[in-house]
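> Got a file for you: target_14.cif, mmCIF, C-alpha atoms (C1' of nucleotides).
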```
data_start
#
loop_
_atom_site.label_atom_id
_atom_site.label_comp_id
_atom_site.auth_asym_id
_atom_site.auth_seq_id
_atom_site.Cartn_x
_atom_site.Cartn_y
_atom_site.Cartn_z
CA MET I 1 27.84 1.39 -21.30
CA LYS I 2 25.60 4.37 -21.84
CA LEU I 3 27.25 7.78 -22.10
CA GLU I 4 24.75 10.05 -23.78
CA GLN I 5 21.43 10.16 -25.49
CA THR I 6 21.63 9.42 -29.23
CA GLN I 7 18.04 10.51 -29.69
CA LEU I 8 15.73 12.65 -27.59
CA PRO I 9 13.00 10.81 -25.72
CA PRO I 10 9.49 11.11 -27.17
CA GLU I 11 7.24 13.93 -26.07
CA ALA I 12 4.22 13.19 -23.93
CA CYS I 13 1.11 12.81 -26.04
CA CYS I 14 -1.20 13.43 -23.10
CA THR I 15 -1.46 13.38 -19.35
CA LEU I 16 -3.14 10.91 -17.04
CA ASP I 17 -5.48 11.90 -14.26
CA ILE I 18 -3.84 9.69 -11.67
CA ALA I 19 -1.01 10.48 -9.24
CA GLY I 20 0.05 10.58 -5.61
CA MET I 21 -2.18 8.97 -3.03
CA GLU I 22 -4.85 8.12 -5.59
CA GLN I 23 -2.28 6.19 -7.59
CA GLU I 24 -1.12 4.35 -4.46
CA ARG I 25 -4.72 3.45 -3.72
CA LEU I 26 -5.21 2.13 -7.23
CA VAL I 27 -1.97 0.09 -7.14
CA THR I 28 -3.03 -1.36 -3.79
CA MET I 29 -6.35 -2.44 -5.31
CA PHE I 30 -4.55 -4.06 -8.25
CA LYS I 31 -2.15 -5.82 -5.94
CA ALA I 32 -4.93 -7.15 -3.71
CA LEU I 33 -6.66 -8.84 -6.65
CA GLY I 34 -3.35 -10.07 -8.04
CA ASN I 35 -3.52 -13.18 -5.90
CA PRO I 36 -5.50 -16.27 -6.92
CA THR I 37 -6.98 -16.92 -3.48
CA ARG I 38 -8.11 -13.35 -2.99
CA PHE I 39 -9.61 -13.25 -6.47
CA GLU I 40 -11.54 -16.40 -5.60
CA ILE I 41 -12.79 -14.77 -2.39
CA MET I 42 -13.95 -11.75 -4.38
CA LYS I 43 -15.77 -14.03 -6.81
CA TYR I 44 -17.51 -15.73 -3.88
CA LEU I 45 -18.54 -12.41 -2.36
CA LEU I 46 -19.80 -11.17 -5.72
CA THR I 47 -22.03 -14.19 -6.14
CA HIS I 48 -23.02 -14.82 -2.51
CA PRO I 49 -24.38 -11.65 -0.94
CA GLY I 50 -24.87 -11.74 2.81
CA CYS I 51 -22.21 -14.32 3.57
CA ILE I 52 -20.02 -14.48 6.65
CA THR I 53 -16.36 -15.37 7.10
CA GLY I 54 -17.21 -18.98 7.94
CA ASP I 55 -18.92 -19.50 4.59
CA ILE I 56 -15.72 -18.55 2.82
CA VAL I 57 -13.65 -20.73 5.15
CA ASP I 58 -15.90 -23.69 4.34
CA TYR I 59 -15.78 -22.93 0.63
CA LEU I 60 -12.01 -22.62 0.27
CA PRO I 61 -9.44 -25.35 1.01
CA ILE I 62 -7.27 -23.11 3.19
CA ALA I 63 -6.97 -22.44 6.91
CA GLN I 64 -9.27 -20.03 8.72
CA ALA I 65 -6.34 -17.82 9.73
CA THR I 66 -5.31 -17.48 6.10
CA VAL I 67 -8.81 -16.56 4.96
CA SER I 68 -8.99 -13.93 7.70
CA GLN I 69 -5.66 -12.49 6.58
CA HIS I 70 -6.80 -12.30 2.95
CA LEU I 71 -10.07 -10.66 3.98
CA LYS I 72 -8.05 -8.04 5.82
CA VAL I 73 -5.99 -7.30 2.71
CA LEU I 74 -9.15 -6.99 0.58
CA ARG I 75 -10.76 -4.77 3.19
CA GLN I 76 -7.74 -2.50 3.55
CA ALA I 77 -7.45 -2.26 -0.23
CA GLY I 78 -11.06 -1.13 -0.36
CA TRP I 79 -12.63 -4.02 -2.24
CA ILE I 80 -14.86 -5.23 0.59
CA GLU I 81 -16.25 -4.20 3.93
CA GLY I 82 -17.19 -6.22 6.97
CA THR I 83 -19.97 -5.57 9.44
CA ILE I 84 -20.02 -7.38 12.76
CA SER I 85 -23.23 -9.22 13.49
CA GLY I 86 -23.13 -11.07 16.77
CA THR I 87 -20.08 -13.30 16.76
CA ALA I 88 -20.03 -13.39 13.00
CA THR I 89 -18.80 -10.86 10.48
CA ASN I 90 -20.79 -10.23 7.35
CA TYR I 91 -18.65 -9.41 4.37
CA GLY I 92 -19.85 -7.60 1.31
CA LEU I 93 -18.58 -5.49 -1.53
CA ASN I 94 -17.37 -1.95 -1.03
CA ASP I 95 -19.49 -0.64 -3.88
CA LYS I 96 -18.21 2.91 -3.66
CA ASN I 97 -14.58 1.93 -4.08
CA ILE I 98 -15.33 -0.68 -6.73
CA THR I 99 -17.13 1.97 -8.74
CA TRP I 100 -14.18 4.30 -8.28
CA PHE I 101 -11.82 1.57 -9.48
CA ARG I 102 -13.86 0.92 -12.62
CA LYS I 103 -14.05 4.62 -13.33
CA LYS I 104 -10.29 5.07 -13.00
CA VAL I 105 -9.52 2.01 -15.13
CA GLY I 106 -11.86 3.41 -17.76
CA GLU I 107 -10.16 6.79 -17.66
CA ILE I 108 -6.59 5.52 -17.75
CA PHE I 109 -6.74 2.59 -20.17
CA MET J 110 -13.64 -24.74 17.38
CA LYS J 111 -16.04 -25.32 14.56
CA LEU J 112 -18.03 -28.55 14.57
CA GLU J 113 -21.00 -27.99 12.30
CA GLN J 114 -22.85 -25.36 10.35
CA THR J 115 -25.41 -23.46 12.45
CA GLN J 116 -26.85 -21.91 9.34
CA LEU J 117 -26.68 -22.90 5.73
CA PRO J 118 -24.40 -20.79 3.53
CA PRO J 119 -26.18 -18.31 1.25
CA GLU J 120 -27.23 -19.40 -2.21
CA ALA J 121 -25.47 -17.99 -5.22
CA CYS J 122 -27.33 -14.99 -6.61
CA CYS J 123 -25.65 -15.28 -9.97
CA THR J 124 -22.66 -16.64 -11.81
CA LEU J 125 -19.56 -14.92 -13.12
CA ASP J 126 -18.24 -15.37 -16.60
CA ILE J 127 -14.65 -15.93 -15.51
CA ALA J 128 -12.85 -19.17 -14.66
CA GLY J 129 -9.88 -21.39 -15.42
CA MET J 130 -7.16 -20.05 -17.65
CA GLU J 131 -9.02 -16.81 -18.30
CA GLN J 132 -9.15 -16.17 -14.58
CA GLU J 133 -5.42 -16.91 -14.24
CA ARG J 134 -4.73 -14.46 -17.05
CA LEU J 135 -6.80 -11.78 -15.35
CA VAL J 136 -5.14 -12.35 -11.96
CA THR J 137 -1.73 -12.13 -13.65
CA MET J 138 -2.70 -8.79 -15.18
CA PHE J 139 -3.88 -7.50 -11.80
CA LYS J 140 -0.69 -8.68 -10.14
CA ALA J 141 1.53 -7.06 -12.76
CA LEU J 142 -0.02 -3.64 -12.14
CA GLY J 143 0.00 -4.17 -8.38
CA ASN J 144 3.55 -2.83 -8.17
CA PRO J 145 4.31 0.90 -7.98
CA THR J 146 7.26 0.77 -10.39
CA ARG J 147 5.38 -1.24 -13.02
CA PHE J 148 2.39 1.06 -12.72
CA GLU J 149 4.70 4.00 -13.32
CA ILE J 150 6.13 2.27 -16.39
CA MET J 151 2.62 1.72 -17.72
CA LYS J 152 1.82 5.39 -17.14
CA TYR J 153 4.92 6.35 -19.10
CA LEU J 154 4.05 4.05 -21.97
CA LEU J 155 0.48 5.35 -22.04
CA THR J 156 1.67 8.93 -22.35
CA HIS J 157 4.81 8.42 -24.48
CA PRO J 158 4.01 6.38 -27.56
CA GLY J 159 6.98 5.16 -29.56
CA CYS J 160 9.45 5.03 -26.70
CA ILE J 161 12.26 2.54 -26.22
CA THR J 162 13.61 0.80 -23.13
CA GLY J 163 16.30 3.43 -22.66
CA ASP J 164 13.73 6.21 -22.36
CA ILE J 165 12.16 4.42 -19.43
CA VAL J 166 15.55 3.71 -17.88
CA ASP J 167 16.39 7.42 -18.07
CA TYR J 168 13.00 8.40 -16.70
CA LEU J 169 12.99 6.11 -13.67
CA PRO J 170 15.52 6.15 -10.79
CA ILE J 171 16.19 2.41 -10.95
CA ALA J 172 18.79 0.22 -12.60
CA GLN J 173 18.53 -0.86 -16.24
CA ALA J 174 18.38 -4.52 -15.26
CA THR J 175 15.42 -3.84 -13.00
CA VAL J 176 13.54 -1.94 -15.69
CA SER J 177 14.15 -4.78 -18.12
CA GLN J 178 12.81 -7.27 -15.59
CA HIS J 179 9.66 -5.21 -15.00
CA LEU J 180 9.11 -4.83 -18.74
CA LYS J 181 9.26 -8.60 -19.04
CA VAL J 182 6.60 -9.01 -16.34
CA LEU J 183 4.33 -6.48 -18.05
CA ARG J 184 4.88 -8.14 -21.42
CA GLN J 185 4.20 -11.64 -20.12
CA ALA J 186 1.10 -10.39 -18.34
CA GLY J 187 -0.13 -8.98 -21.62
CA TRP J 188 -0.10 -5.26 -20.84
CA ILE J 189 2.59 -4.32 -23.34
CA GLU J 190 4.46 -5.60 -26.35
CA GLY J 191 7.97 -4.94 -27.58
CA THR J 192 9.20 -4.79 -31.14
CA ILE J 193 12.90 -4.91 -31.87
CA SER J 194 14.18 -2.05 -33.99
CA GLY J 195 17.90 -2.21 -34.58
CA THR J 196 19.61 -2.48 -31.21
CA ALA J 197 16.68 -0.88 -29.46
CA THR J 198 13.32 -2.29 -28.44
CA ASN J 199 10.21 -0.22 -28.94
CA TYR J 200 7.62 -0.78 -26.27
CA GLY J 201 3.97 -0.02 -26.64
CA LEU J 202 0.61 -1.03 -25.28
CA ASN J 203 -0.95 -4.39 -26.01
CA ASP J 204 -4.26 -2.84 -27.02
CA LYS J 205 -6.04 -6.11 -27.60
CA ASN J 206 -5.34 -7.41 -24.10
CA ILE J 207 -5.99 -4.08 -22.45
CA THR J 208 -9.39 -3.97 -24.11
CA TRP J 209 -10.03 -7.52 -22.95
CA PHE J 210 -9.08 -6.53 -19.39
CA ARG J 211 -11.44 -3.56 -19.37
CA LYS J 212 -14.23 -5.68 -20.78
CA LYS J 213 -13.77 -8.36 -18.12
CA VAL J 214 -13.56 -5.83 -15.29
CA GLY J 215 -16.76 -4.31 -16.58
CA GLU J 216 -18.49 -7.67 -16.69
CA ILE J 217 -17.37 -8.86 -13.28
CA PHE J 218 -17.57 -5.76 -11.12
"C1'" DT G 219 -20.59 -16.61 35.01
"C1'" DT G 220 -19.04 -19.83 32.13
"C1'" DA G 221 -18.66 -22.48 27.82
"C1'" DG G 222 -18.63 -22.51 23.06
"C1'" DA G 223 -18.87 -20.14 18.62
"C1'" DA G 224 -16.88 -17.14 15.17
"C1'" DT G 225 -13.30 -14.42 13.97
"C1'" DA G 226 -8.93 -11.91 14.48
"C1'" DT G 227 -4.17 -11.67 15.62
"C1'" DC G 228 0.50 -13.49 16.63
"C1'" DG G 229 4.74 -15.82 15.60
"C1'" DT G 230 7.06 -18.17 12.16
"C1'" DA G 231 8.80 -21.05 8.23
"C1'" DA G 232 8.81 -21.35 3.30
"C1'" DA G 233 8.26 -19.27 -0.98
"C1'" DA G 234 8.11 -15.38 -4.03
"C1'" DT G 235 9.37 -10.72 -5.31
"C1'" DT G 236 12.39 -6.90 -5.92
"C1'" DA G 237 16.56 -4.64 -6.99
"C1'" DC G 238 21.22 -4.73 -8.06
"C1'" DG G 239 25.92 -5.48 -10.39
"C1'" DA G 240 28.02 -8.32 -13.58
"C1'" DT G 241 27.80 -10.45 -17.76
"C1'" DA G 242 25.88 -12.11 -22.19
"C1'" DT G 243 23.75 -11.20 -26.64
"C1'" DA G 244 22.76 -8.87 -30.73
"C1'" DT G 245 22.98 -5.02 -33.86
"C1'" DG G 246 25.05 -1.19 -36.48
"C1'" DG G 247 28.79 1.65 -37.86
"C1'" DA G 248 33.77 2.78 -38.56
"C1'" DT O 249 36.57 -7.19 -38.28
"C1'" DC O 250 36.14 -4.63 -34.12
"C1'" DC O 251 33.95 -1.66 -31.00
"C1'" DA O 252 30.22 0.72 -28.93
"C1'" DT O 253 25.30 0.74 -28.09
"C1'" DA O 254 20.99 -1.21 -26.41
"C1'" DT O 255 18.89 -4.62 -24.08
"C1'" DA O 256 18.37 -9.12 -21.83
"C1'" DT O 257 19.74 -12.53 -18.59
"C1'" DC O 258 22.21 -14.42 -14.55
"C1'" DG O 259 23.27 -14.86 -9.72
"C1'" DT O 260 22.22 -13.15 -5.41
"C1'" DA O 261 20.96 -10.49 -1.10
"C1'" DA O 262 17.18 -8.27 1.12
"C1'" DT O 263 12.49 -7.78 1.59
"C1'" DT O 264 7.74 -9.15 1.23
"C1'" DT O 265 4.11 -12.44 0.86
"C1'" DT O 266 1.78 -16.56 1.94
"C1'" DA O 267 0.09 -20.12 4.79
"C1'" DC O 268 -0.13 -22.36 9.01
"C1'" DG O 269 -0.96 -23.62 14.09
"C1'" DA O 270 -1.62 -21.55 18.34
"C1'" DT O 271 -3.74 -18.18 20.90
"C1'" DA O 272 -6.54 -14.04 21.90
"C1'" DT O 273 -10.86 -11.58 21.56
"C1'" DT O 274 -15.70 -10.92 21.36
"C1'" DC O 275 -20.32 -12.17 21.63
"C1'" DT O 276 -24.26 -15.36 22.82
"C1'" DA O 277 -26.66 -18.64 25.23
"C1'" DA O 278 -27.28 -21.70 28.99
#
```
Take the structure in the file and give it back as structure tokens.


Amino acid sequence: MKLEQTQLPPEACCTLDIAGMEQERLVTMFKALGNPTRFEIMKYLLTHPGCITGDIVDYLPIAQATVSQHLKVLRQAGWIEGTISGTATNYGLNDKNITWFRKKVGEIF
Amino acid sequence: MKLEQTQLPPEACCTLDIAGMEQERLVTMFKALGNPTRFEIMKYLLTHPGCITGDIVDYLPIAQATVSQHLKVLRQAGWIEGTISGTATNYGLNDKNITWFRKKVGEIF
DNA sequence: TTAGAATATCGTAAAATTACGATATATGGA
DNA sequence: TCCATATATCGTAATTTTACGATATTCTAA
């Protein structure tokens, strides 16, 4: 049982330039890549520019509905973006957000 | 219903230097930070060197057991390390792994 | 206009995560 | 030794995530 502080907590040595909505955004990006299947999808997109959903479905051993769901998570997290092209959807990297992520990771850690 | 490929999938433009156990490790690190509470703990550790578990418990509005559980996840993922000091445990950054993470993120994205 | 294709969404079962109180463990001091 | 402190672990309820089949939507071509 804890009644009082024996010792004062340490002072802050510095501050971090991340908070609020930005922090939520960053956590969401971490979470999205914290899944093996989604990481694999990102790897595929990184190495196969100009691919469509079906290419990923063929590549991975999981159902089309599941791939679509994972793509949605990656899109909403800001890792990728999809552009409709006829009946297909081309998926590619969201370069702006990826750059932002790298910048923030560099600043924080 | 999908019967056959209308168009061949795109060729790989490059390869990525991440696979197997290394990839699992990286995904685990992403997953660990993909939680708002754990991200907050990491922020605290980054800005308060030399702190112990109790400091984090006092700082956050969650139960001691929950903090301990999150610290375990962060430790097992390789973000932090704890050193026992009397009855307390000092937590600090796992600099080696953090550097590795930044390096990999830089290489991949 | 109708059929098929490519993809998204819905509903749902199973698994994993999160948070908690209770309890266990280990250390240091009286 | 005995007690209090600091932390870890256990058991569990509630929530979230994951994956699937079924179905809906959208576009193209015949």

> Please identify every residue of chain I that has at least one atom no farther than 10 Å from an atom of chain G, counting all atoms listed in the file, and for each give the shortest atom pair and the distance in Å to one decimal, arranged by chain then increasing number, as JSON lines.


```
{"residue": "I:Ile52", "atom": "CA", "partner": "G:DA224", "partner_atom": "C1'", "distance": 9.5}
{"residue": "I:Thr53", "atom": "CA", "partner": "G:DT225", "partner_atom": "C1'", "distance": 7.6}
{"residue": "I:Gly54", "atom": "CA", "partner": "G:DA224", "partner_atom": "C1'", "distance": 7.5}
{"residue": "I:Gln64", "atom": "CA", "partner": "G:DT225", "partner_atom": "C1'", "distance": 8.7}
{"residue": "I:Ala65", "atom": "CA", "partner": "G:DA226", "partner_atom": "C1'", "distance": 8.0}
{"residue": "I:Ser68", "atom": "CA", "partner": "G:DA226", "partner_atom": "C1'", "distance": 7.1}
{"residue": "I:Gln69", "atom": "CA", "partner": "G:DA226", "partner_atom": "C1'", "distance": 8.6}
{"residue": "I:Lys72", "atom": "CA", "partner": "G:DA226", "partner_atom": "C1'", "distance": 9.5}
{"residue": "I:Ile84", "atom": "CA", "partner": "G:DT225", "partner_atom": "C1'", "distance": 9.8}
{"residue": "I:Gly86", "atom": "CA", "partner": "G:DA224", "partner_atom": "C1'", "distance": 8.9}
{"residue": "I:Thr87", "atom": "CA", "partner": "G:DA224", "partner_atom": "C1'", "distance": 5.2}
{"residue": "I:Ala88", "atom": "CA", "partner": "G:DA224", "partner_atom": "C1'", "distance": 5.4}
{"residue": "I:Thr89", "atom": "CA", "partner": "G:DT225", "partner_atom": "C1'", "distance": 7.4}
```

> Quick one: write out the picked residues with C-alpha atoms as a CSV table (one decimal), in the frame of the given file?


```csv
chain,number,residue,atom,x,y,z
I,52,ILE,CA,-20.0,-14.5,6.6
I,53,THR,CA,-16.4,-15.4,7.1
I,54,GLY,CA,-17.2,-19.0,7.9
I,64,GLN,CA,-9.3,-20.0,8.7
I,65,ALA,CA,-6.3,-17.8,9.7
I,68,SER,CA,-9.0,-13.9,7.7
I,69,GLN,CA,-5.7,-12.5,6.6
I,72,LYS,CA,-8.0,-8.0,5.8
I,84,ILE,CA,-20.0,-7.4,12.8
I,86,GLY,CA,-23.1,-11.1,16.8
I,87,THR,CA,-20.1,-13.3,16.8
I,88,ALA,CA,-20.0,-13.4,13.0
I,89,THR,CA,-18.8,-10.9,10.5
```

> Do a neighbour search on region 22-35 of chain I at 8 Å with all atoms listed in the file, toss out local chain neighbours closer than 2 positions, and write the hits as number ranges by chain.

I: 18-20, 37-39, 73-74, 77-79, 101; J: 136-145, 148

> If you apply the PyMOL selection byres ((chain O) within 7 of (chain I)) to this file, what residues do you get, as a list of chain:residue names?

O:DA267, O:DT274, O:DC275

> What does the structure give for the distance between CA of Thr99 (chain I) and CA of Thr47 (chain I), in Å to one decimal?

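Distance between the two atoms: 17.1 Å.
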
> For CA of Lys104 (chain I) and CA of Phe218 (chain J), quote the distance in Å rounded to one decimal.

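Going from CA of Lys104 (chain I) over to CA of Phe218 (chain J), I get 13.2 Å.
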
> One number please: CA of Gly92 (chain I) to CA of Leu45 (chain I), in Å, one decimal.

6.2 Å

> What do you get, as an MDAnalysis selection string, if you spell out every residue that the PyMOL selection byres ((chain J and resi 203) around 6) selects here?

chainID J and resid 188:190 202 204:206

> Around all of region 89-92 of chain I's listed atoms, make the axis-aligned box with 5 Å on each side and tell me centre and edge lengths in Å to one decimal, as JSON.


```
{"center_x": -19.7, "center_y": -9.2, "center_z": 5.9, "size_x": 12.1, "size_y": 13.3, "size_z": 19.2}
```
